[in-house]
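For reference, work.tsv (TSV, C-alpha atoms and all ligand atoms):
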chain	number	residue	atom	x	y	z
O	20	MET	CA	8.18	-12.04	-6.80
O	21	GLY	CA	8.93	-14.18	-9.84
O	22	ASN	CA	11.10	-17.12	-8.85
O	23	PRO	CA	11.14	-17.18	-5.03
O	24	PHE	CA	14.49	-19.00	-4.96
O	25	VAL	CA	16.31	-16.13	-6.68
O	26	LEU	CA	17.80	-13.32	-4.61
O	27	LYS	CA	16.72	-9.93	-5.97
O	28	ARG	CA	17.87	-6.39	-5.36
O	29	ALA	CA	15.55	-4.32	-3.19
O	30	LEU	CA	15.86	-0.55	-3.02
O	31	ILE	CA	15.12	0.94	0.39
O	32	GLU	CA	12.67	3.62	-0.70
O	33	GLU	CA	11.56	4.78	2.74
O	34	VAL	CA	12.38	4.09	6.39
O	35	VAL	CA	9.76	4.84	9.04
O	36	GLU	CA	10.63	4.88	12.72
O	37	GLU	CA	7.91	3.03	14.69
O	38	ASN	CA	9.59	3.23	18.10
O	39	GLU	CA	13.06	3.18	19.66
O	40	ASN	CA	13.94	-0.29	18.31
O	41	THR	CA	11.46	-0.93	15.49
O	42	ARG	CA	11.46	0.43	11.94
O	43	ARG	CA	9.42	-0.09	8.81
O	44	PHE	CA	11.41	-0.57	5.62
O	45	LEU	CA	9.53	0.14	2.40
O	46	LEU	CA	11.26	-1.70	-0.43
O	47	LYS	CA	11.03	-1.38	-4.18
O	48	VAL	CA	11.66	-4.68	-5.93
O	49	ASP	CA	11.38	-5.13	-9.70
O	50	GLY	CA	8.92	-7.82	-10.77
O	51	PHE	CA	7.18	-8.09	-7.43
O	52	SER	CA	3.92	-9.95	-7.74
O	53	GLU	CA	1.58	-11.11	-5.04
O	54	PHE	CA	1.96	-12.38	-1.52
O	55	LYS	CA	-0.58	-13.76	0.91
O	56	PRO	CA	-1.13	-12.42	4.46
O	57	GLY	CA	1.14	-14.23	6.90
O	58	GLN	CA	3.94	-15.02	4.42
O	59	PHE	CA	7.53	-13.85	4.87
O	60	ASN	CA	10.60	-12.89	2.84
O	61	MET	CA	14.26	-13.56	3.52
O	62	LEU	CA	16.10	-10.22	3.73
O	63	TYR	CA	19.83	-10.27	2.98
O	64	VAL	CA	22.15	-7.61	4.35
O	65	TYR	CA	25.49	-7.52	2.54
O	66	ALA	CA	28.31	-9.43	4.28
O	67	GLN	CA	26.15	-10.09	7.33
O	68	GLY	CA	23.47	-12.63	6.43
O	69	GLU	CA	19.80	-13.31	5.92
O	70	VAL	CA	16.80	-13.15	8.22
O	71	PRO	CA	13.16	-14.15	7.79
O	72	ILE	CA	10.84	-11.15	8.15
O	73	SER	CA	7.05	-11.11	7.72
O	74	ILE	CA	5.61	-9.01	4.93
O	75	SER	CA	3.67	-6.35	6.83
O	76	SER	CA	2.07	-4.69	3.80
O	77	MET	CA	2.25	-4.12	0.10
O	78	ARG	CA	1.00	-0.70	-0.83
O	79	ARG	CA	1.92	1.64	-3.67
O	80	ASP	CA	3.99	-1.20	-5.19
O	81	LEU	CA	6.31	-1.12	-2.18
O	82	ILE	CA	6.89	-4.14	0.04
O	83	GLU	CA	6.81	-3.25	3.70
O	84	HIS	CA	8.79	-5.06	6.37
O	85	THR	CA	8.66	-4.10	10.04
O	86	VAL	CA	11.89	-4.98	11.79
O	87	ARG	CA	12.97	-5.00	15.42
O	88	LEU	CA	16.64	-4.50	16.16
O	89	VAL	CA	17.72	-7.65	18.03
O	90	GLY	CA	20.98	-9.04	16.67
O	91	GLU	CA	23.68	-9.02	14.03
O	92	VAL	CA	21.70	-8.83	10.80
O	93	THR	CA	19.07	-6.42	12.03
O	94	GLU	CA	21.80	-4.22	13.54
O	95	ASP	CA	23.43	-3.85	10.10
O	96	LEU	CA	20.04	-3.36	8.44
O	97	PHE	CA	19.42	-0.43	10.80
O	98	LEU	CA	22.64	1.21	9.54
O	99	LEU	CA	21.15	1.41	6.03
O	100	LYS	CA	19.31	4.45	4.72
O	101	GLU	CA	16.88	5.39	1.99
O	102	GLY	CA	18.61	4.81	-1.37
O	103	ASP	CA	20.62	1.80	-0.14
O	104	TYR	CA	20.05	-1.74	-1.40
O	105	ILE	CA	19.49	-5.09	0.30
O	106	GLY	CA	18.78	-8.56	-1.10
O	107	ILE	CA	15.38	-10.19	-0.91
O	108	ARG	CA	13.93	-13.59	-1.77
O	109	GLY	CA	10.44	-14.91	-1.25
O	110	PRO	CA	7.57	-14.86	-0.55
O	111	TYR	CA	7.70	-18.06	1.47
O	112	GLY	CA	5.51	-20.14	3.69
O	113	THR	CA	1.85	-20.73	4.40
O	114	HIS	CA	-0.64	-17.91	4.97
O	115	PHE	CA	-3.62	-17.07	7.16
O	116	PRO	CA	-6.39	-18.68	5.07
O	117	VAL	CA	-8.83	-15.76	5.29
O	118	GLU	CA	-10.26	-16.54	1.84
O	119	ARG	CA	-11.80	-19.75	3.28
O	120	TYR	CA	-13.82	-17.85	5.88
O	121	GLU	CA	-16.03	-15.50	3.86
O	122	GLY	CA	-19.22	-14.83	5.82
O	123	TRP	CA	-17.57	-15.67	9.16
O	124	ASP	CA	-16.64	-13.46	12.12
O	125	ILE	CA	-12.91	-13.09	12.59
O	126	VAL	CA	-10.96	-12.48	15.75
O	127	LEU	CA	-7.36	-11.38	15.23
O	128	VAL	CA	-5.00	-11.31	18.20
O	129	ALA	CA	-1.56	-9.70	18.12
O	130	GLY	CA	1.14	-9.34	20.75
O	131	GLY	CA	3.88	-6.72	20.27
O	132	LEU	CA	5.71	-7.17	16.97
O	133	GLY	CA	3.19	-9.90	16.06
O	134	LEU	CA	0.99	-7.11	14.70
O	135	ALA	CA	3.39	-6.95	11.72
O	136	ASP	CA	2.12	-10.36	10.59
O	137	ILE	CA	-1.54	-9.57	11.33
O	138	LYS	CA	-1.54	-6.17	9.56
O	139	PRO	CA	-1.83	-7.63	6.02
O	140	VAL	CA	-4.84	-9.66	7.22
O	141	VAL	CA	-6.44	-6.42	8.45
O	142	GLU	CA	-5.73	-4.73	5.10
O	143	TYR	CA	-7.07	-7.74	3.17
O	144	LEU	CA	-10.30	-7.71	5.22
O	145	ILE	CA	-10.84	-3.96	4.89
O	146	GLU	CA	-10.61	-4.29	1.11
O	147	ARG	CA	-13.29	-7.02	1.16
O	148	ARG	CA	-15.16	-5.88	4.26
O	149	GLU	CA	-18.68	-6.62	2.96
O	150	VAL	CA	-18.06	-10.37	2.59
O	151	TYR	CA	-17.09	-10.93	6.24
O	152	GLY	CA	-19.02	-10.72	9.51
O	153	ARG	CA	-17.64	-8.86	12.53
O	154	VAL	CA	-13.88	-8.42	12.66
O	155	PHE	CA	-12.22	-7.96	16.04
O	156	LEU	CA	-8.58	-6.99	16.40
O	157	LEU	CA	-7.15	-7.42	19.90
O	158	VAL	CA	-3.69	-5.94	20.34
O	159	GLY	CA	-1.42	-6.13	23.35
O	160	ALA	CA	1.98	-4.57	23.99
O	161	LYS	CA	4.33	-4.22	26.93
O	162	ASN	CA	3.80	-0.46	27.04
O	163	PRO	CA	2.19	2.23	24.87
O	164	SER	CA	5.38	2.81	22.85
O	165	GLY	CA	5.32	-0.90	21.91
O	166	LEU	CA	2.01	-0.41	20.07
O	167	LEU	CA	2.87	-0.37	16.36
O	168	TYR	CA	1.16	1.44	13.46
O	169	LYS	CA	-0.65	3.98	15.66
O	170	GLY	CA	-1.18	6.17	12.58
O	171	ASP	CA	-3.32	3.42	11.01
O	172	TYR	CA	-5.83	2.83	13.83
O	173	LYS	CA	-8.32	5.48	12.73
O	174	LYS	CA	-8.33	4.10	9.17
O	175	TRP	CA	-8.78	0.55	10.45
O	176	LYS	CA	-11.73	1.52	12.65
O	177	GLU	CA	-13.34	3.43	9.77
O	178	GLY	CA	-12.78	0.30	7.67
O	179	GLY	CA	-14.99	-1.73	10.03
O	180	ILE	CA	-12.39	-3.27	12.33
O	181	GLU	CA	-13.36	-3.42	16.02
O	182	LEU	CA	-10.01	-2.54	17.54
O	183	LEU	CA	-9.17	-3.11	21.21
O	184	LEU	CA	-5.79	-2.22	22.70
O	185	THR	CA	-4.14	-3.09	25.98
O	186	VAL	CA	-0.72	-2.62	27.56
O	187	ASP	CA	1.00	-4.47	30.39
O	188	LYS	CA	2.42	-1.26	31.87
O	189	PRO	CA	0.69	2.05	31.25
O	190	ALA	CA	2.65	5.27	30.76
O	191	GLU	CA	1.56	8.80	31.62
O	192	GLY	CA	-1.40	9.80	29.48
O	193	TRP	CA	-2.51	6.23	28.73
O	194	SER	CA	-6.26	5.92	29.26
O	195	GLY	CA	-6.83	2.53	27.60
O	196	HIS	CA	-6.94	-1.00	28.96
O	197	VAL	CA	-4.19	-2.42	31.15
O	198	GLY	CA	-3.48	-6.14	31.33
O	199	VAL	CA	-2.66	-9.09	29.11
O	200	VAL	CA	-4.28	-9.35	25.69
O	201	THR	CA	-6.54	-12.29	26.64
O	202	GLU	CA	-8.35	-10.00	29.09
O	203	LEU	CA	-9.77	-8.14	26.10
O	204	PHE	CA	-11.97	-11.15	25.31
O	205	LYS	CA	-14.42	-9.93	27.95
O	206	PHE	CA	-15.33	-7.08	25.58
O	207	VAL	CA	-15.89	-9.39	22.60
O	208	GLU	CA	-19.07	-11.31	21.73
O	209	LEU	CA	-18.26	-14.41	19.73
O	210	GLU	CA	-20.48	-16.91	17.96
O	211	PRO	CA	-18.01	-19.80	18.14
O	212	HIS	CA	-19.50	-21.97	15.38
O	213	ARG	CA	-18.92	-19.20	12.83
O	214	THR	CA	-15.77	-17.53	14.18
O	215	VAL	CA	-12.16	-18.08	13.17
O	216	GLY	CA	-9.22	-16.99	15.32
O	217	MET	CA	-5.83	-15.90	13.93
O	218	MET	CA	-2.89	-14.78	16.01
O	219	CYS	CA	0.76	-13.83	16.09
O	220	GLY	CA	2.95	-12.93	19.03
O	221	PRO	CA	5.17	-14.46	21.69
O	222	GLU	CA	4.50	-18.20	22.09
O	223	VAL	CA	3.28	-17.81	25.66
O	224	MET	CA	0.70	-15.26	24.50
O	225	MET	CA	-0.45	-17.60	21.70
O	226	TYR	CA	-0.65	-20.49	24.16
O	227	PHE	CA	-3.06	-18.62	26.44
O	228	THR	CA	-5.00	-17.09	23.54
O	229	THR	CA	-5.53	-20.55	22.05
O	230	LYS	CA	-6.73	-21.87	25.41
O	231	LYS	CA	-9.16	-18.96	25.67
O	232	LEU	CA	-10.52	-19.48	22.13
O	233	LEU	CA	-11.02	-23.20	22.77
O	234	LYS	CA	-12.82	-22.38	26.03
O	235	LEU	CA	-15.06	-19.97	24.14
O	236	GLY	CA	-16.01	-22.85	21.84
O	237	LEU	CA	-13.91	-22.38	18.68
O	238	SER	CA	-12.83	-25.62	17.07
O	239	LYS	CA	-9.15	-26.63	16.81
O	240	GLY	CA	-9.25	-26.39	13.03
O	241	ASN	CA	-10.47	-22.79	13.14
O	242	ILE	CA	-7.61	-21.41	15.21
O	243	TYR	CA	-4.44	-20.32	13.35
O	244	LEU	CA	-1.06	-19.42	14.84
O	245	SER	CA	2.08	-17.91	13.36
O	246	MET	CA	5.15	-19.80	14.60
O	247	GLU	CA	8.73	-18.54	14.66
O	248	ARG	CA	11.98	-20.52	14.54
O	249	HIS	CA	15.53	-19.70	13.43
O	250	MET	CA	15.90	-20.22	9.69
O	251	LYS	CA	18.67	-20.56	7.11
O	252	CYS	CA	17.37	-21.88	3.78
O	253	ALA	CA	13.64	-21.05	4.14
O	254	VAL	CA	12.80	-23.74	1.59
O	255	GLY	CA	12.70	-26.91	3.66
O	256	THR	CA	16.18	-28.33	3.08
O	257	CYS	CA	18.53	-27.35	5.96
O	258	GLY	CA	16.43	-28.42	8.95
O	259	HIS	CA	17.23	-25.29	11.02
O	260	CYS	CA	13.58	-24.42	11.59
O	261	GLN	CA	12.44	-27.87	12.66
O	262	PHE	CA	9.46	-27.78	15.01
O	263	GLY	CA	8.55	-31.35	15.98
O	264	TYR	CA	7.28	-33.12	12.85
O	265	THR	CA	7.19	-29.88	10.84
O	266	PHE	CA	9.53	-27.36	9.25
O	267	VAL	CA	8.29	-23.86	10.06
O	268	CYS	CA	9.59	-22.41	6.75
O	269	LYS	CA	7.57	-24.67	4.45
O	270	ASP	CA	4.84	-26.29	6.59
O	271	GLY	CA	4.31	-22.94	8.37
O	272	PRO	CA	4.77	-20.31	9.61
O	273	ILE	CA	0.97	-20.31	9.77
O	274	PHE	CA	-0.41	-23.52	11.28
O	275	SER	CA	-3.87	-24.51	12.40
O	276	TYR	CA	-3.87	-25.46	16.06
O	277	GLU	CA	-5.26	-28.84	14.99
O	278	ARG	CA	-2.04	-29.51	13.02
O	279	ILE	CA	0.40	-28.68	15.84
O	280	LYS	CA	-1.60	-29.53	18.95
O	281	PRO	CA	0.73	-32.37	20.10
O	282	ILE	CA	3.85	-30.19	19.86
O	283	PHE	CA	2.59	-26.70	20.66
O	284	GLY	CA	3.69	-25.53	24.11
O	285	VAL	CA	6.15	-28.43	24.53
O	286	LYS	CA	9.42	-27.09	25.98
O	287	GLU	CA	12.58	-27.26	23.80
O	288	LEU	CA	10.65	-28.08	20.61
C	301	LIG	C1	8.49	-16.52	9.81
C	301	LIG	C2	9.18	-15.46	10.60
C	301	LIG	C3	8.77	-14.15	10.52
C	301	LIG	C4	9.45	-13.16	11.23
C	301	LIG	N1	9.02	-11.88	11.11
C	301	LIG	C5	9.69	-10.90	11.72
C	301	LIG	C6	9.28	-9.55	11.56
C	301	LIG	O1	8.30	-9.24	10.87
C	301	LIG	N2	10.02	-8.60	12.17
C	301	LIG	C7	11.12	-8.91	12.95
C	301	LIG	O2	11.77	-7.98	13.47
C	301	LIG	N3	11.49	-10.18	13.16
C	301	LIG	C8	10.82	-11.18	12.56
C	301	LIG	N4	11.21	-12.47	12.73
C	301	LIG	C9	12.33	-12.75	13.65
C	301	LIG	C10	13.69	-12.51	13.02
C	301	LIG	O3	13.85	-13.31	11.87
C	301	LIG	C11	14.76	-12.88	14.06
C	301	LIG	O4	14.65	-12.03	15.18
C	301	LIG	C12	16.17	-12.85	13.51
C	301	LIG	O5	16.91	-13.81	14.23
C	301	LIG	C13	16.90	-11.54	13.67
C	301	LIG	O6	18.20	-11.71	13.17
C	301	LIG	P1	19.47	-11.01	13.80
C	301	LIG	O7	20.67	-11.52	13.07
C	301	LIG	O8	19.31	-9.54	13.82
C	301	LIG	O9	19.47	-11.48	15.27
C	301	LIG	P2	20.13	-12.82	15.84
C	301	LIG	O10	21.61	-12.63	15.92
C	301	LIG	O11	19.61	-13.98	15.10
C	301	LIG	O12	19.56	-12.78	17.30
C	301	LIG	C14	18.13	-12.72	17.56
C	301	LIG	C15	17.82	-13.29	18.91
C	301	LIG	O13	17.87	-14.71	18.83
C	301	LIG	C16	18.84	-15.23	19.71
C	301	LIG	N5	19.49	-16.32	18.96
C	301	LIG	C17	20.40	-16.23	17.98
C	301	LIG	N6	20.71	-17.45	17.51
C	301	LIG	C18	19.97	-18.34	18.21
C	301	LIG	C19	19.81	-19.76	18.19
C	301	LIG	N7	20.49	-20.54	17.36
C	301	LIG	N8	18.92	-20.34	19.05
C	301	LIG	C20	18.21	-19.58	19.90
C	301	LIG	N9	18.32	-18.23	19.97
C	301	LIG	C21	19.19	-17.63	19.15
C	301	LIG	C22	19.74	-14.05	20.04
C	301	LIG	O14	20.32	-14.19	21.30
C	301	LIG	C23	18.78	-12.88	19.99
C	301	LIG	O15	18.06	-12.74	21.17
C	301	LIG	C24	10.56	-13.50	12.06
C	301	LIG	C25	10.96	-14.83	12.16
C	301	LIG	C26	10.28	-15.81	11.43
C	301	LIG	C27	10.73	-17.21	11.55
C	302	LIG	S1	15.02	-22.96	7.24
C	302	LIG	FE1	15.93	-24.64	6.25
C	302	LIG	S2	14.44	-26.19	6.54
C	302	LIG	FE2	13.46	-24.43	7.25

Would it be possible to restate this file's structure as structure tokens?
Ligand SMILES: Cc1cc2nc3c(=O)[nH]c(=O)nc-3n(C[C@H](O)[C@H](O)[C@H](O)COP(=O)(O)OP(=O)(O)OC[C@H]3O[C@@H](n4cnc5c(N)ncnc54)[C@H](O)[C@@H]3O)c2cc1C
Ligand code: FES
Amino acid sequence: MGNPFVLKRALIEEVVEENENTRRFLLKVDGFSEFKPGQFNMLYVYAQGEVPISISSMRRDLIEHTVRLVGEVTEDLFLLKEGDYIGIRGPYGTHFPVERYEGWDIVLVAGGLGLADIKPVVEYLIERREVYGRVFLLVGAKNPSGLLYKGDYKKWKEGGIELLLTVDKPAEGWSGHVGVVTELFKFVELEPHRTVGMMCGPEVMMYFTTKKLLKLGLSKGNIYLSMERHMKCAVGTCGHCQFGYTFVCKDGPIFSYERIKPIFGVKEL
């Protein structure tokens, strides 16, 4: 997006309701260039503040962000409509290094809103499907309404993604899997020496997914996690996002498990 340090105007071109507390904002920003899957932007809502939000897609020259209403900034963002403006700077951070794994099988694991960060990886792989092996996408949510992007599943499957869904609590009419996302591994055949794992979701989910992938034989350097911490500057100067010996905004948010093994899962870090 040109100079990532400069705040730009972003026009809210479209707002899509995903569920009762989650919306997709499709933004038009002049001079937008490329981003890599897993990176994030800082979104600024006038007189309220900035929040880091993953880039969940870039299609038709629009930048997509999927936002859950949780606090002050997102509350004010949800008051805005198509035609309103917000500020945006980015893209920031490290990405899921899919380009390094051509020819490999890929297992993507997403919990709840974590699918927002994994979705650009799915789109990247579909566009280059022939240069990768099998691609599994395991998605878990608390309940069926927590499953995001339902309108995209058919397209993803047709694009060669082996999609498996599960919910913690089924609702009426749900005929899919029930249970935590790691239980879906029993339906997946992995060749560990040529498989990379990439995940995003609540830390507890990533903790157990990492354990499972290690048990299945993946190496520490071939497991990637997307970490989340409160941020202010997003460029490595304020220290708000410190996570042990790293800053999530500039050393992450995507880390290999090898890099963060000593600090991952440690309480209060
Ligand atoms: C790299 C990255 C990518 C992200 N991507 C997305 C995304 O795609 N979509 C999305 O919806 N969110 C995403 N988030 C999370 C989002 O940035 C936060 O939820 C953000 O805090 C929301 O801002 P808010 O002002 O609305 O809520 P806040 O007022 O910040 O409150 C959010 C929650 O954090 C708690 N909280 C507030 N301050 C602190 C504190 N200092 N310490 C501990 N807890 C605190 C609050 O109680 C509340 O539960 C991402 C975060 C990171 C770091
Ligand atoms: S948010 Fe300031 S150092 Fe990361």

- Enumerate as a ChimeraX atom specification the residues within 12 Å of ligand LIG 302 (chain C), counting only C-alpha atoms and all ligand atoms. /O:60-61,69-71,111-112,247-262,264-272

- Nearby polymer residues, ligand LIG 301 (chain C), at most 7 Å, only C-alpha atoms and all ligand atoms, as an MDAnalysis selection string: chainID O and resid 59 70:75 84:94 132 135:136 246:250 268 272

- Query: Suppose you want the space between atom CA of Ile105 of chain O and atom CA of Phe54 of chain O; what is it in Å?
  - Reply: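 Between atom CA of Ile105 of chain O and atom CA of Phe54 of chain O the gap works out to 19.1 Å.
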
Rows by chain and residue number, segment 49-97 of chain O within 7 Å of segment 114-122 of chain O, shortest pair, all atoms listed in the file, as a tab-separated table:
residue	atom	partner	partner_atom	distance
O:Lys55	CA	O:His114	CA	5.8
O:Pro56	CA	O:His114	CA	5.5
O:Gly57	CA	O:His114	CA	4.5
O:Gln58	CA	O:His114	CA	5.4

- Could you tell me how far atom CA of Lys205 of chain O lies from atom CA of Tyr151 of chain O, in Å and to one decimal?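 Computed distance, atom CA of Lys205 of chain O to atom CA of Tyr151 of chain O, equals 21.9 Å.
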
- Query: Out of O:Leu98, O:Ala29, O:Val199, O:Leu157, which residue has the shortest atom-to-atom distance to Val141 of chain O when counting only C-alpha atoms?
  - Reply: O:Leu157

- Message: Set the distance at 6 Å and use all atoms listed in the file: which residues neighbour Val128 of chain O once local chain neighbours fewer than 2 positions away are removed? I'd like the list as a ChimeraX atom specification.
- Response: /O:156-158,218

- Please check which residues have atoms at most 10 Å from (12.4, -5.1, -12.1) in the file's coordinates, counting all atoms listed in the file, and write them as a list in words.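 Residues satisfying the cut-off, written out: Met20, Gly21, Lys27, Arg28, Ala29, Lys47, Val48, Asp49, Gly50 and Phe51 of chain O.
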
- Item | Selected residue, from O:Phe274, O:Tyr243, O:Trp193, O:Tyr168, that lies nearest to Thr214 of chain O when counting only C-alpha atoms |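 That would be O:Tyr243, the residue with the smallest distance to Thr214 of chain O.
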
- Message: For segment 162-167 of chain O, find every residue with an atom within 12 Å (counting only C-alpha atoms), except residues of its own chain fewer than 6 positions away, and show them as a PyMOL selection string.
- Response: chain O and resi 35-43+75+85-87+129-138+183-199
